[in-house]
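The structure file my_file12.txt is reproduced below (compact mmCIF, C-alpha atoms and all ligand atoms).
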# COMPACT_ATOMS: atom_id res chain seq x y z
CA MET A 202 0.00 0.00 0.00
CA LYS A 203 1.38 3.45 -0.99
CA THR A 204 0.19 6.69 0.55
CA TYR A 205 -0.10 9.67 -1.79
CA LEU A 206 -0.28 13.15 -0.32
CA VAL A 207 -2.27 15.07 -2.93
CA THR A 208 -2.53 18.85 -2.61
CA GLY A 209 -5.42 20.81 -4.12
CA GLY A 210 -7.59 17.71 -4.27
CA PHE A 211 -10.85 19.65 -4.11
CA GLY A 212 -10.03 21.58 -7.30
CA PHE A 213 -10.82 20.62 -10.86
CA ILE A 214 -7.91 18.37 -11.87
CA GLY A 215 -7.03 17.23 -8.33
CA SER A 216 -10.53 15.90 -7.72
CA ASN A 217 -10.58 14.12 -11.09
CA PHE A 218 -7.21 12.55 -10.19
CA ILE A 219 -8.33 11.41 -6.71
CA ARG A 220 -11.58 9.98 -8.09
CA HIS A 221 -9.60 8.03 -10.69
CA ILE A 222 -7.24 6.61 -8.05
CA MET A 223 -10.01 5.80 -5.56
CA ASP A 224 -12.07 4.04 -8.23
CA ASN A 225 -9.21 2.05 -9.76
CA ARG A 226 -6.47 1.44 -7.18
CA LYS A 227 -7.08 -0.54 -4.01
CA ASP A 228 -3.33 -0.37 -3.23
CA VAL A 229 -3.23 3.42 -2.79
CA ALA A 230 -4.35 5.58 0.14
CA ILE A 231 -4.92 9.30 -0.41
CA ILE A 232 -4.31 12.22 1.92
CA ASN A 233 -5.95 15.28 0.39
CA VAL A 234 -4.52 18.61 1.60
CA ASP A 235 -6.55 21.62 0.48
CA LYS A 236 -6.90 25.18 1.76
CA ILE A 237 -10.45 25.32 0.35
CA THR A 238 -10.11 28.53 -1.63
CA TYR A 239 -12.88 29.88 -3.86
CA ALA A 240 -11.88 27.23 -6.45
CA ALA A 241 -12.38 24.25 -4.15
CA ASN A 242 -15.52 22.19 -3.90
CA PRO A 243 -15.57 19.46 -1.21
CA GLY A 244 -18.70 18.06 -2.87
CA ASN A 245 -16.44 17.03 -5.78
CA LEU A 246 -15.28 14.08 -3.64
CA ALA A 247 -18.46 13.32 -1.72
CA GLY A 248 -18.76 9.68 -0.70
CA TYR A 249 -15.07 8.75 -0.44
CA SER A 250 -13.83 7.64 3.00
CA GLU A 251 -12.07 4.28 2.63
CA ASN A 252 -8.31 4.84 2.18
CA TYR A 253 -9.07 8.55 1.99
CA LYS A 254 -8.31 11.34 4.46
CA PHE A 255 -8.71 15.11 4.21
CA TYR A 256 -6.76 17.91 5.92
CA LYS A 257 -7.79 21.54 5.58
CA ALA A 258 -4.38 23.22 5.33
CA ASP A 259 -2.51 25.90 3.41
CA ILE A 260 0.66 24.67 1.67
CA ALA A 261 2.16 28.12 2.29
CA ASP A 262 1.87 27.50 6.06
CA LYS A 263 4.88 25.28 6.80
CA THR A 264 3.98 24.66 10.44
CA GLY A 265 0.52 23.33 9.60
CA LEU A 266 1.88 21.27 6.74
CA SER A 267 4.63 19.84 8.91
CA LYS A 268 2.06 18.32 11.32
CA ILE A 269 0.51 16.36 8.44
CA PHE A 270 3.90 14.87 7.54
CA LEU A 271 4.51 13.98 11.20
CA GLU A 272 1.13 12.27 11.59
CA ASN A 273 1.36 10.23 8.38
CA LYS A 274 3.95 8.18 6.52
CA VAL A 275 3.83 9.78 3.07
CA ASP A 276 5.27 7.81 0.12
CA TYR A 277 4.43 10.08 -2.85
CA VAL A 278 3.57 13.78 -3.07
CA VAL A 279 1.52 15.07 -6.02
CA ASN A 280 1.31 18.86 -5.95
CA PHE A 281 -1.80 20.21 -7.71
CA ALA A 282 -2.47 23.04 -5.21
CA ALA A 283 -2.18 26.39 -6.92
CA GLU A 284 -3.82 29.63 -7.74
CA SER A 285 -4.63 28.70 -11.32
CA HIS A 286 -6.42 31.54 -13.14
CA VAL A 287 -4.38 33.91 -15.33
CA ASP A 288 -6.91 36.78 -15.15
CA ARG A 289 -6.86 36.72 -11.33
CA SER A 290 -3.04 36.74 -11.37
CA ILE A 291 -3.11 39.96 -13.38
CA GLN A 292 -5.32 41.57 -10.70
CA GLU A 293 -3.56 40.16 -7.61
CA PRO A 294 -0.12 38.59 -8.23
CA SER A 295 1.05 38.20 -4.61
CA ILE A 296 -1.19 35.27 -3.64
CA PHE A 297 0.20 33.42 -6.70
CA ILE A 298 3.74 33.78 -5.36
CA ARG A 299 2.69 32.70 -1.88
CA THR A 300 0.82 29.55 -2.87
CA ASN A 301 2.56 28.52 -6.08
CA VAL A 302 6.16 29.35 -5.11
CA GLU A 303 6.41 29.38 -1.30
CA GLY A 304 3.91 26.52 -1.01
CA THR A 305 5.93 24.38 -3.40
CA LEU A 306 9.15 25.16 -1.51
CA ASN A 307 7.52 24.07 1.79
CA LEU A 308 6.38 20.82 0.21
CA LEU A 309 9.84 20.15 -1.21
CA GLU A 310 11.55 20.78 2.13
CA LEU A 311 9.14 18.59 4.09
CA SER A 312 9.21 15.85 1.45
CA MET A 313 13.01 15.78 1.66
CA LYS A 314 12.98 15.75 5.47
CA HIS A 315 10.51 12.84 5.54
CA ASN A 316 12.23 10.83 2.78
CA VAL A 317 9.32 10.89 0.33
CA GLU A 318 9.91 8.36 -2.50
CA LYS A 319 8.52 10.50 -5.35
CA PHE A 320 7.55 14.15 -5.71
CA LEU A 321 5.49 15.11 -8.76
CA GLN A 322 4.99 18.78 -9.57
CA ILE A 323 1.90 19.43 -11.70
CA SER A 324 2.95 22.21 -14.05
CA THR A 325 1.72 23.86 -17.20
CA ASP A 326 2.62 24.60 -20.82
CA GLU A 327 2.27 28.31 -19.96
CA VAL A 328 5.80 28.32 -18.47
CA TYR A 329 7.14 28.16 -22.05
CA GLY A 330 5.49 31.46 -23.06
CA SER A 331 3.73 32.13 -26.35
CA LEU A 332 4.10 30.57 -29.81
CA GLY A 333 3.63 32.16 -33.22
CA GLU A 334 1.79 30.51 -36.12
CA SER A 335 4.01 27.42 -36.16
CA GLY A 336 6.10 25.17 -33.90
CA LYS A 337 5.39 23.36 -30.65
CA PHE A 338 6.73 23.44 -27.09
CA SER A 339 9.16 20.63 -26.28
CA GLU A 340 10.76 19.95 -22.91
CA GLU A 341 13.87 21.74 -24.26
CA THR A 342 11.98 24.99 -25.00
CA PRO A 343 13.40 27.72 -22.72
CA LEU A 344 11.10 28.95 -19.97
CA SER A 345 9.61 32.33 -20.90
CA PRO A 346 6.56 32.99 -18.73
CA ARG A 347 4.58 36.14 -19.51
CA SER A 348 1.87 36.39 -16.82
CA PRO A 349 2.22 36.49 -13.02
CA TYR A 350 0.54 33.05 -12.96
CA SER A 351 2.96 31.44 -15.41
CA ALA A 352 5.94 33.21 -13.78
CA SER A 353 4.94 31.67 -10.43
CA LYS A 354 4.58 28.20 -11.99
CA ALA A 355 7.96 28.53 -13.77
CA SER A 356 9.56 29.60 -10.47
CA ALA A 357 8.11 26.54 -8.75
CA ASP A 358 9.43 24.29 -11.56
CA MET A 359 12.90 25.75 -11.12
CA LEU A 360 12.83 25.07 -7.39
CA VAL A 361 11.80 21.47 -8.06
CA THR A 362 14.68 21.03 -10.52
CA ALA A 363 17.07 22.69 -8.07
CA PHE A 364 16.12 20.14 -5.39
CA PHE A 365 16.99 17.37 -7.83
CA HIS A 366 20.43 18.74 -8.68
CA THR A 367 21.33 20.00 -5.21
CA TYR A 368 19.85 17.34 -2.94
CA ASN A 369 19.31 14.47 -5.37
CA MET A 370 15.62 14.51 -4.53
CA PRO A 371 13.39 12.06 -6.47
CA VAL A 372 11.36 14.69 -8.33
CA LEU A 373 9.32 14.69 -11.54
CA ILE A 374 7.59 17.53 -13.40
CA SER A 375 4.63 17.17 -15.76
CA ARG A 376 3.59 20.13 -17.92
CA CYS A 377 0.14 19.94 -19.45
CA SER A 378 -1.89 22.01 -21.89
CA ASN A 379 -5.42 23.42 -21.31
CA ASN A 380 -7.70 20.97 -19.49
CA TYR A 381 -11.49 20.84 -19.74
CA GLY A 382 -14.16 18.46 -18.48
CA PRO A 383 -16.35 17.79 -15.41
CA TYR A 384 -15.96 19.90 -12.24
CA GLN A 385 -14.05 22.78 -13.86
CA PHE A 386 -14.66 26.08 -12.08
CA PRO A 387 -16.83 28.43 -14.22
CA GLU A 388 -14.15 31.17 -14.49
CA LYS A 389 -12.33 29.15 -17.20
CA LEU A 390 -13.27 29.52 -20.89
CA ILE A 391 -15.17 26.28 -21.65
CA PRO A 392 -17.42 26.10 -18.55
CA LEU A 393 -17.94 29.89 -18.73
CA VAL A 394 -19.18 29.62 -22.31
CA ALA A 395 -21.39 26.59 -21.62
CA ILE A 396 -22.98 28.16 -18.52
CA ASN A 397 -23.47 31.62 -20.07
CA ALA A 398 -25.01 30.01 -23.15
CA LEU A 399 -27.37 27.90 -21.03
CA ASN A 400 -28.42 31.15 -19.31
CA ASP A 401 -28.69 33.08 -22.62
CA LYS A 402 -25.98 35.45 -21.37
CA GLU A 403 -23.32 37.24 -23.45
CA ILE A 404 -20.05 35.35 -24.05
CA PRO A 405 -17.00 37.61 -23.51
CA LEU A 406 -14.37 36.87 -26.17
CA TYR A 407 -10.97 38.47 -25.62
CA GLY A 408 -9.17 40.38 -28.40
CA ASP A 409 -9.70 39.03 -31.92
CA GLY A 410 -10.75 35.59 -30.63
CA LYS A 411 -8.03 33.85 -32.61
CA ASN A 412 -5.77 32.81 -29.71
CA VAL A 413 -5.04 29.10 -29.88
CA ARG A 414 -4.97 26.57 -27.05
CA ASP A 415 -4.17 22.83 -27.19
CA TRP A 416 -7.16 21.31 -25.36
CA ILE A 417 -6.99 18.08 -23.38
CA TYR A 418 -9.88 16.25 -21.71
CA VAL A 419 -9.14 16.03 -17.99
CA SER A 420 -9.21 12.21 -17.81
CA ASP A 421 -6.43 12.09 -20.42
CA HIS A 422 -4.33 14.42 -18.26
CA VAL A 423 -5.00 12.17 -15.25
CA LYS A 424 -3.82 9.13 -17.23
CA GLY A 425 -0.66 11.01 -18.20
CA ILE A 426 0.01 11.88 -14.55
CA CYS A 427 -0.37 8.23 -13.53
CA LEU A 428 2.10 7.19 -16.24
CA VAL A 429 4.65 9.81 -15.17
CA LEU A 430 4.31 8.61 -11.56
CA GLU A 431 4.75 5.01 -12.63
CA LYS A 432 7.43 5.28 -15.32
CA GLY A 433 8.95 8.79 -15.21
CA LYS A 434 12.67 9.27 -14.61
CA PHE A 435 13.72 11.46 -11.68
CA GLY A 436 14.80 14.98 -12.58
CA GLU A 437 12.91 14.86 -15.89
CA VAL A 438 10.13 17.02 -17.34
CA TYR A 439 7.22 15.43 -19.28
CA ASN A 440 4.97 17.45 -21.60
CA ILE A 441 1.36 16.27 -21.79
CA GLY A 442 -0.88 17.52 -24.61
CA GLY A 443 -4.24 16.84 -26.19
CA ASN A 444 -3.26 17.07 -29.85
CA ALA A 445 -6.30 19.33 -30.25
CA GLU A 446 -5.41 22.89 -31.18
CA ALA A 447 -8.33 25.27 -31.65
CA GLU A 448 -8.99 29.00 -31.80
CA ASN A 449 -11.17 30.39 -29.01
CA ILE A 450 -13.80 31.59 -31.48
CA ASP A 451 -14.19 28.06 -32.87
CA ILE A 452 -14.55 26.52 -29.40
CA ILE A 453 -17.28 29.04 -28.59
CA LYS A 454 -19.15 28.50 -31.87
CA TYR A 455 -19.04 24.71 -31.34
CA ILE A 456 -20.59 25.03 -27.87
CA LEU A 457 -23.26 27.50 -29.07
CA ASN A 458 -24.18 25.22 -31.98
CA LYS A 459 -24.41 22.17 -29.72
CA LEU A 460 -26.73 24.10 -27.34
CA LYS A 461 -28.67 25.58 -30.28
CA LYS A 462 -27.91 29.13 -29.16
CA PRO A 463 -27.28 32.10 -31.53
CA HIS A 464 -23.75 33.30 -32.35
CA SER A 465 -25.04 36.80 -31.58
CA LEU A 466 -24.37 35.98 -27.90
CA ILE A 467 -20.64 36.42 -28.62
CA LYS A 468 -19.32 39.80 -27.47
CA TYR A 469 -15.79 40.84 -28.42
CA VAL A 470 -14.23 42.51 -25.35
CA LYS A 471 -10.92 44.15 -24.40
CA ASP A 472 -8.02 41.74 -24.65
CA ARG A 473 -6.26 40.13 -21.67
CA PRO A 474 -3.00 42.08 -21.05
CA GLY A 475 0.01 40.06 -22.26
CA HIS A 476 -2.37 37.49 -23.78
CA ASP A 477 -0.35 34.47 -24.98
CA ARG A 478 -1.16 33.91 -28.65
CA ARG A 479 -0.77 30.19 -29.10
CA TYR A 480 0.13 27.05 -27.15
CA ALA A 481 0.87 23.66 -28.73
CA MET A 482 2.53 20.67 -27.10
CA ASP A 483 5.05 18.22 -28.49
CA PHE A 484 4.41 15.24 -26.21
CA SER A 485 6.54 12.71 -28.08
CA LYS A 486 8.78 12.16 -25.03
CA ILE A 487 6.02 10.87 -22.73
CA ASN A 488 4.60 8.93 -25.67
CA LYS A 489 7.94 7.16 -26.30
CA GLU A 490 8.79 6.55 -22.63
CA THR A 491 5.35 5.59 -21.28
CA GLY A 492 3.03 4.97 -24.24
CA PHE A 493 0.83 7.97 -23.35
CA ILE A 494 -1.69 8.96 -26.00
CA PRO A 495 -4.79 11.13 -25.46
CA GLU A 496 -8.01 9.13 -26.02
CA TYR A 497 -10.47 11.97 -26.48
CA ASN A 498 -10.76 14.07 -29.61
CA LEU A 499 -12.03 17.62 -29.16
CA GLU A 500 -15.60 16.98 -30.40
CA LYS A 501 -16.17 13.99 -28.09
CA GLY A 502 -14.57 15.84 -25.15
CA LEU A 503 -16.67 18.95 -25.71
CA ASP A 504 -19.88 16.93 -26.16
CA ASP A 505 -19.28 15.02 -22.89
CA THR A 506 -18.36 18.23 -21.06
CA ILE A 507 -21.44 20.11 -22.25
CA ASP A 508 -23.63 17.13 -21.25
CA TRP A 509 -22.02 17.16 -17.78
CA TYR A 510 -22.79 20.86 -17.27
CA ILE A 511 -26.38 20.31 -18.45
CA LYS A 512 -26.86 17.39 -16.03
CA ASN A 513 -25.09 19.06 -13.10
CA GLU A 514 -26.83 22.41 -13.03
CA SER A 515 -27.09 22.43 -9.22
CA TRP A 516 -23.26 22.14 -9.01
CA TRP A 517 -22.63 25.34 -10.97
CA ARG A 518 -25.76 27.20 -9.78
CA GLU A 519 -24.40 27.03 -6.25
CA ILE A 520 -21.09 28.58 -7.39
CA LEU A 521 -22.90 31.28 -9.39
CA SER A 522 -24.93 32.30 -6.34
CA GLY A 523 -21.82 32.93 -4.15
CA ASP A 524 -18.73 35.17 -4.39
CA TYR A 525 -18.43 34.35 -8.09
CA LYS A 526 -21.11 36.98 -8.82
CA GLU A 527 -18.80 39.72 -7.52
CA TYR A 528 -15.80 38.29 -9.39
CA TYR A 529 -17.77 38.21 -12.64
CA LYS A 530 -18.94 41.79 -12.24
CA LYS A 531 -15.44 43.06 -11.50
CA MET A 532 -13.86 41.13 -14.38
CA TYR A 533 -16.44 41.71 -17.11
CA GLU A 534 -18.58 44.77 -16.33
CA ASN A 535 -17.51 47.67 -18.58
CA ARG A 536 -14.87 45.51 -20.26
P1 LIG A 601 -8.18 24.76 -9.47
O1 LIG A 601 -8.04 26.23 -9.33
O2 LIG A 601 -9.44 24.18 -9.99
O3 LIG A 601 -7.92 24.06 -8.05
C1 LIG A 601 -6.87 24.44 -7.20
C2 LIG A 601 -7.07 23.73 -5.86
O4 LIG A 601 -5.94 24.06 -5.03
C3 LIG A 601 -8.32 24.20 -5.09
O5 LIG A 601 -8.97 23.10 -4.52
C4 LIG A 601 -7.76 25.13 -4.03
O6 LIG A 601 -8.55 25.20 -2.85
C5 LIG A 601 -6.41 24.49 -3.76
N1 LIG A 601 -5.44 25.47 -3.21
C6 LIG A 601 -5.19 26.71 -3.66
N2 LIG A 601 -4.29 27.31 -2.89
C7 LIG A 601 -3.95 26.42 -1.93
C8 LIG A 601 -3.04 26.45 -0.84
N3 LIG A 601 -2.31 27.54 -0.56
N4 LIG A 601 -2.92 25.35 -0.05
C9 LIG A 601 -3.67 24.23 -0.29
N5 LIG A 601 -4.56 24.16 -1.31
C10 LIG A 601 -4.69 25.25 -2.12
O7 LIG A 601 -6.93 24.31 -10.34
P2 LIG A 601 -6.83 23.19 -11.49
O8 LIG A 601 -7.29 23.77 -12.77
O9 LIG A 601 -7.41 21.93 -10.99
O10 LIG A 601 -5.24 23.05 -11.59
C11 LIG A 601 -4.53 22.16 -10.74
C12 LIG A 601 -3.05 22.24 -11.05
O11 LIG A 601 -2.82 21.90 -12.41
C13 LIG A 601 -2.44 23.62 -10.85
O12 LIG A 601 -1.17 23.47 -10.29
C14 LIG A 601 -2.34 24.19 -12.25
O13 LIG A 601 -1.28 25.10 -12.35
C15 LIG A 601 -2.08 22.92 -13.04
N6 LIG A 601 -2.53 22.94 -14.45
C16 LIG A 601 -3.81 23.31 -14.75
C17 LIG A 601 -4.23 23.26 -16.08
C18 LIG A 601 -5.64 23.64 -16.47
O14 LIG A 601 -5.91 23.73 -17.66
N7 LIG A 601 -6.55 23.83 -15.55
C19 LIG A 601 -3.33 22.85 -17.09
C20 LIG A 601 -2.02 22.49 -16.72
C21 LIG A 601 -1.63 22.52 -15.40
O1 LIG A 602 -2.38 26.05 -20.70
C1 LIG A 602 -2.63 25.57 -19.42
C2 LIG A 602 -3.34 26.63 -18.61
O2 LIG A 602 -4.66 26.71 -19.13
C3 LIG A 602 -3.35 26.35 -17.12
O3 LIG A 602 -2.05 26.37 -16.63
C4 LIG A 602 -4.21 27.39 -16.38
O4 LIG A 602 -4.32 27.03 -15.00
C5 LIG A 602 -5.58 27.40 -17.00
O5 LIG A 602 -6.37 28.42 -16.39
C6 LIG A 602 -5.51 27.64 -18.51
O6 LIG A 602 -5.06 29.00 -18.79
P1 LIG A 602 -5.70 29.87 -20.00
O7 LIG A 602 -5.47 31.29 -19.68
O8 LIG A 602 -5.26 29.37 -21.32
O9 LIG A 602 -7.26 29.44 -19.82
P2 LIG A 602 -8.61 30.31 -19.80
O10 LIG A 602 -9.73 29.33 -19.72
O11 LIG A 602 -8.57 31.39 -18.79
O12 LIG A 602 -8.62 30.98 -21.23
C7 LIG A 602 -8.55 30.20 -22.41
C8 LIG A 602 -8.52 31.17 -23.60
O13 LIG A 602 -9.79 31.83 -23.69
C9 LIG A 602 -7.50 32.27 -23.48
O14 LIG A 602 -6.98 32.55 -24.77
C10 LIG A 602 -8.30 33.47 -22.98
C11 LIG A 602 -9.67 33.24 -23.60
N1 LIG A 602 -10.83 33.74 -22.82
C12 LIG A 602 -10.93 33.33 -21.52
C13 LIG A 602 -11.98 33.74 -20.74
C14 LIG A 602 -12.11 33.30 -19.30
C15 LIG A 602 -11.79 34.55 -23.41
O15 LIG A 602 -11.72 34.90 -24.60
N2 LIG A 602 -12.86 34.94 -22.63
C16 LIG A 602 -12.98 34.59 -21.32
O16 LIG A 602 -13.97 35.04 -20.66

Could the structure of this file be written out as structure tokens, please?
Ligand code: NAD
Ligand code: DAU
Amino acid sequence: MKTYLVTGGFGFIGSNFIRHIMDNRKDVAIINVDKITYAANPGNLAGYSENYKFYKADIADKTGLSKIFLENKVDYVVNFAAESHVDRSIQEPSIFIRTNVEGTLNLLELSMKHNVEKFLQISTDEVYGSLGESGKFSEETPLSPRSPYSASKASADMLVTAFFHTYNMPVLISRCSNNYGPYQFPEKLIPLVAINALNDKEIPLYGDGKNVRDWIYVSDHVKGICLVLEKGKFGEVYNIGGNAEAENIDIIKYILNKLKKPHSLIKYVKDRPGHDRRYAMDFSKINKETGFIPEYNLEKGLDDTIDWYIKNESWWREILSGDYKEYYKKMYENR
């Protein structure tokens, strides 16, 4: 039996990862450490108790975190906990440094002190910066983050790598492209579009709408993470991608068509400052070393996601009725 300490397990990807492990692995126990920020939803993991434990804790609080390591024998650490939204990082960078950088450093130090067997940092393609019309990010692409969010994630990655070289720590880094699927917080593009369309509300489209993202269905990302944990080599970085590049305008039109809503709902708004133009992932390394291949194509992933948001209206209605209302007003009113 291995014990995984998973941070940020009540968020979008963390909860999909824990559900996958709980449903498929009887030889793994999970300790979920989450601060429960605005992005967390404990209901995402309702019903799990066997081989599952939760601690409400902030990874930036080393004293609190230390108690968890003292009370439990941790074998693997998987660090999902982060402030994850680029637009929020533009408005308030400091919390991104605290959680994403200082929090990661605390986890590294405690993992080293308690002889953790594997430490996996969940990172992002955004650390590589922005692409032009052609080319893809490989693991050799120099880091060139352009938003406070991506700068904080790149800083964390560099700390992780430093712990490998300096202390010979057993670390791994996975860098994934844009995820979508069940339980994604409505601030992100795909759930925002689906929910606004279901409510016949305007869809804010930044700039000229032609920015490109490489979309991956969340269960494919989770499979990639499991493969990196199982087969990854210490000190290495693994890119994970969906092989599904699309312009934002095309994603939005697809969702509107599927929901039979008019394209007139689209409203072009002021661009995101420093908006990265294009992301695309070369994931041949993880493919060669572990056999990883994304199963979902974009149409199937979007169809399943839209169906999930239709069927789980009470999940997102509860979010919309809380602090999110204020966030939405601040971000989009007069934009
Ligand atoms: P999310 O915002 O949905 O969830 C983040 C979770 O972390 C929440 O449950 C939150 O409460 C928790 N958290 C935040 N600060 C914390 C702290 N100080 N201490 C403990 N817990 C804290 O994020 P997500 O989209 O699920 O992303 C998870 C990870 O994957 C992040 O590290 C992100 O950078 C990375 N990532 C995300 C994507 C994507 O497309 N969403 C793509 C690649 C990588
Ligand atoms: O690439 C991986 C990253 O993907 C992750 O590291 C981040 O945690 C995650 O938030 C995501 O970042 P993006 O900035 O790419 O995702 P977002 O959903 O915020 O935006 C996707 C694209 O849609 C981007 O080009 C901006 C645009 N957009 C977004 C919103 C919220 C709009 O046009 N309108 C919107 O209202």

Neighbour list for Trp517 of chain A as a list in words, cut-off 10 Å, only C-alpha atoms, skip fewer than 4 positions in-chain: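 Once the nearby chain positions are removed, what remains is Tyr384, Gln385, Phe386, Pro387, Pro392, Ile396, Tyr510, Ile511, Asn513, Leu521 and Ser522 of chain A.
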
Distance atom CA of Val413 of chain A-atom C4 of ligand LIG 602 (chain A), one decimal place?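 Atom-to-atom, atom CA of Val413 of chain A to atom C4 of ligand LIG 602 (chain A), that is 13.6 Å.
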
Neighbouring residues of ligand LIG 601 (chain A) are defined here as those with any atom at most 7 Å from a ligand atom, counting only C-alpha atoms and all ligand atoms; list them as a PyMOL selection string. chain A and resi 208-215+234-242+258-261+280-286+300+304+323-326+354+376-381+385-386

Near-Asn488 of chain A list (10 Å; only C-alpha atoms; drop same-chain fewer than 3 positions) as a PDB file with C-alpha atoms, in the frame of the given file:
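Generated output (selection20.pdb):
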ATOM      1  CA  GLY A 425      -0.660  11.010 -18.200  1.00  0.00           C
ATOM      2  CA  LEU A 428       2.100   7.190 -16.240  1.00  0.00           C
ATOM      3  CA  TYR A 439       7.220  15.430 -19.280  1.00  0.00           C
ATOM      4  CA  ASN A 440       4.970  17.450 -21.600  1.00  0.00           C
ATOM      5  CA  ILE A 441       1.360  16.270 -21.790  1.00  0.00           C
ATOM      6  CA  ASP A 483       5.050  18.220 -28.490  1.00  0.00           C
ATOM      7  CA  PHE A 484       4.410  15.240 -26.210  1.00  0.00           C
ATOM      8  CA  SER A 485       6.540  12.710 -28.080  1.00  0.00           C
ATOM      9  CA  THR A 491       5.350   5.590 -21.280  1.00  0.00           C
ATOM     10  CA  GLY A 492       3.030   4.970 -24.240  1.00  0.00           C
ATOM     11  CA  PHE A 493       0.830   7.970 -23.350  1.00  0.00           C
ATOM     12  CA  ILE A 494      -1.690   8.960 -26.000  1.00  0.00           C
ATOM     13  CA  PRO A 495      -4.790  11.130 -25.460  1.00  0.00           C
TER      14      PRO A 495
END

Distance query segment 271-277 of chain A at most 9 Å, all atoms listed in the file, self and fewer than 3 positions along chain excluded, as a PDB file with C-alpha atoms, in the coordinates of the input:
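File produced: out.pdb:
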ATOM      1  CA  LYS A 203       1.380   3.450  -0.990  1.00  0.00           C
ATOM      2  CA  THR A 204       0.190   6.690   0.550  1.00  0.00           C
ATOM      3  CA  TYR A 205      -0.100   9.670  -1.790  1.00  0.00           C
ATOM      4  CA  LEU A 206      -0.280  13.150  -0.320  1.00  0.00           C
ATOM      5  CA  VAL A 207      -2.270  15.070  -2.930  1.00  0.00           C
ATOM      6  CA  ILE A 232      -4.310  12.220   1.920  1.00  0.00           C
ATOM      7  CA  LEU A 266       1.880  21.270   6.740  1.00  0.00           C
ATOM      8  CA  SER A 267       4.630  19.840   8.910  1.00  0.00           C
ATOM      9  CA  LYS A 268       2.060  18.320  11.320  1.00  0.00           C
ATOM     10  CA  SER A 312       9.210  15.850   1.450  1.00  0.00           C
ATOM     11  CA  HIS A 315      10.510  12.840   5.540  1.00  0.00           C
ATOM     12  CA  ASN A 316      12.230  10.830   2.780  1.00  0.00           C
ATOM     13  CA  VAL A 317       9.320  10.890   0.330  1.00  0.00           C
ATOM     14  CA  GLU A 318       9.910   8.360  -2.500  1.00  0.00           C
ATOM     15  CA  LYS A 319       8.520  10.500  -5.350  1.00  0.00           C
ATOM     16  CA  PHE A 320       7.550  14.150  -5.710  1.00  0.00           C
ATOM     17  CA  LEU A 321       5.490  15.110  -8.760  1.00  0.00           C
ATOM     18  CA  LEU A 430       4.310   8.610 -11.560  1.00  0.00           C
TER      19      LEU A 430
END

With 4 Å on each side, where is the centre of the axis-aligned box around all listed atoms of segment 415-425 of chain A, and how long are its edges in Å to one decimal, as AutoDock Vina command-line options?
--center_x -5.3 --center_y 16.0 --center_z -21.2 --size_x 17.2 --size_y 21.7 --size_z 19.9

Atom pair atom CA of Ser331 of chain A / atom CA of Ser351 of chain A: separation (Å): 11.0 Å

Student task, segment 277-285 of chain A output with N, CA, C and O atoms as an mmCIF file, in the first residue's frame:
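New file out-v2.cif:
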data_model
loop_
_atom_site.group_PDB
_atom_site.id
_atom_site.type_symbol
_atom_site.label_atom_id
_atom_site.label_comp_id
_atom_site.auth_asym_id
_atom_site.auth_seq_id
_atom_site.Cartn_x
_atom_site.Cartn_y
_atom_site.Cartn_z
ATOM 1 N N TYR A 277 4.344 9.207 -1.666
ATOM 2 C CA TYR A 277 4.428 10.079 -2.850
ATOM 3 C C TYR A 277 3.739 11.410 -2.541
ATOM 4 O O TYR A 277 2.711 11.419 -1.849
ATOM 5 N N VAL A 278 4.270 12.486 -3.115
ATOM 6 C CA VAL A 278 3.575 13.782 -3.070
ATOM 7 C C VAL A 278 3.216 14.169 -4.505
ATOM 8 O O VAL A 278 4.055 14.088 -5.403
ATOM 9 N N VAL A 279 1.948 14.554 -4.716
ATOM 10 C CA VAL A 279 1.520 15.068 -6.022
ATOM 11 C C VAL A 279 0.953 16.466 -5.781
ATOM 12 O O VAL A 279 -0.090 16.615 -5.143
ATOM 13 N N ASN A 280 1.654 17.484 -6.293
ATOM 14 C CA ASN A 280 1.309 18.863 -5.951
ATOM 15 C C ASN A 280 0.465 19.547 -7.030
ATOM 16 O O ASN A 280 0.987 20.114 -7.992
ATOM 17 N N PHE A 281 -0.864 19.490 -6.823
ATOM 18 C CA PHE A 281 -1.796 20.214 -7.709
ATOM 19 C C PHE A 281 -2.111 21.602 -7.161
ATOM 20 O O PHE A 281 -2.566 22.458 -7.916
ATOM 21 N N ALA A 282 -1.973 21.804 -5.836
ATOM 22 C CA ALA A 282 -2.469 23.039 -5.212
ATOM 23 C C ALA A 282 -1.837 24.248 -5.874
ATOM 24 O O ALA A 282 -0.612 24.351 -5.978
ATOM 25 N N ALA A 283 -2.690 25.162 -6.298
ATOM 26 C CA ALA A 283 -2.179 26.387 -6.922
ATOM 27 C C ALA A 283 -3.308 27.383 -7.063
ATOM 28 O O ALA A 283 -4.483 27.017 -7.083
ATOM 29 N N GLU A 284 -2.933 28.635 -7.160
ATOM 30 C CA GLU A 284 -3.818 29.632 -7.743
ATOM 31 C C GLU A 284 -3.650 29.422 -9.241
ATOM 32 O O GLU A 284 -2.521 29.432 -9.738
ATOM 33 N N SER A 285 -4.763 29.225 -9.952
ATOM 34 C CA SER A 285 -4.631 28.703 -11.321
ATOM 35 C C SER A 285 -5.175 29.608 -12.433
ATOM 36 O O SER A 285 -5.057 29.259 -13.603
#
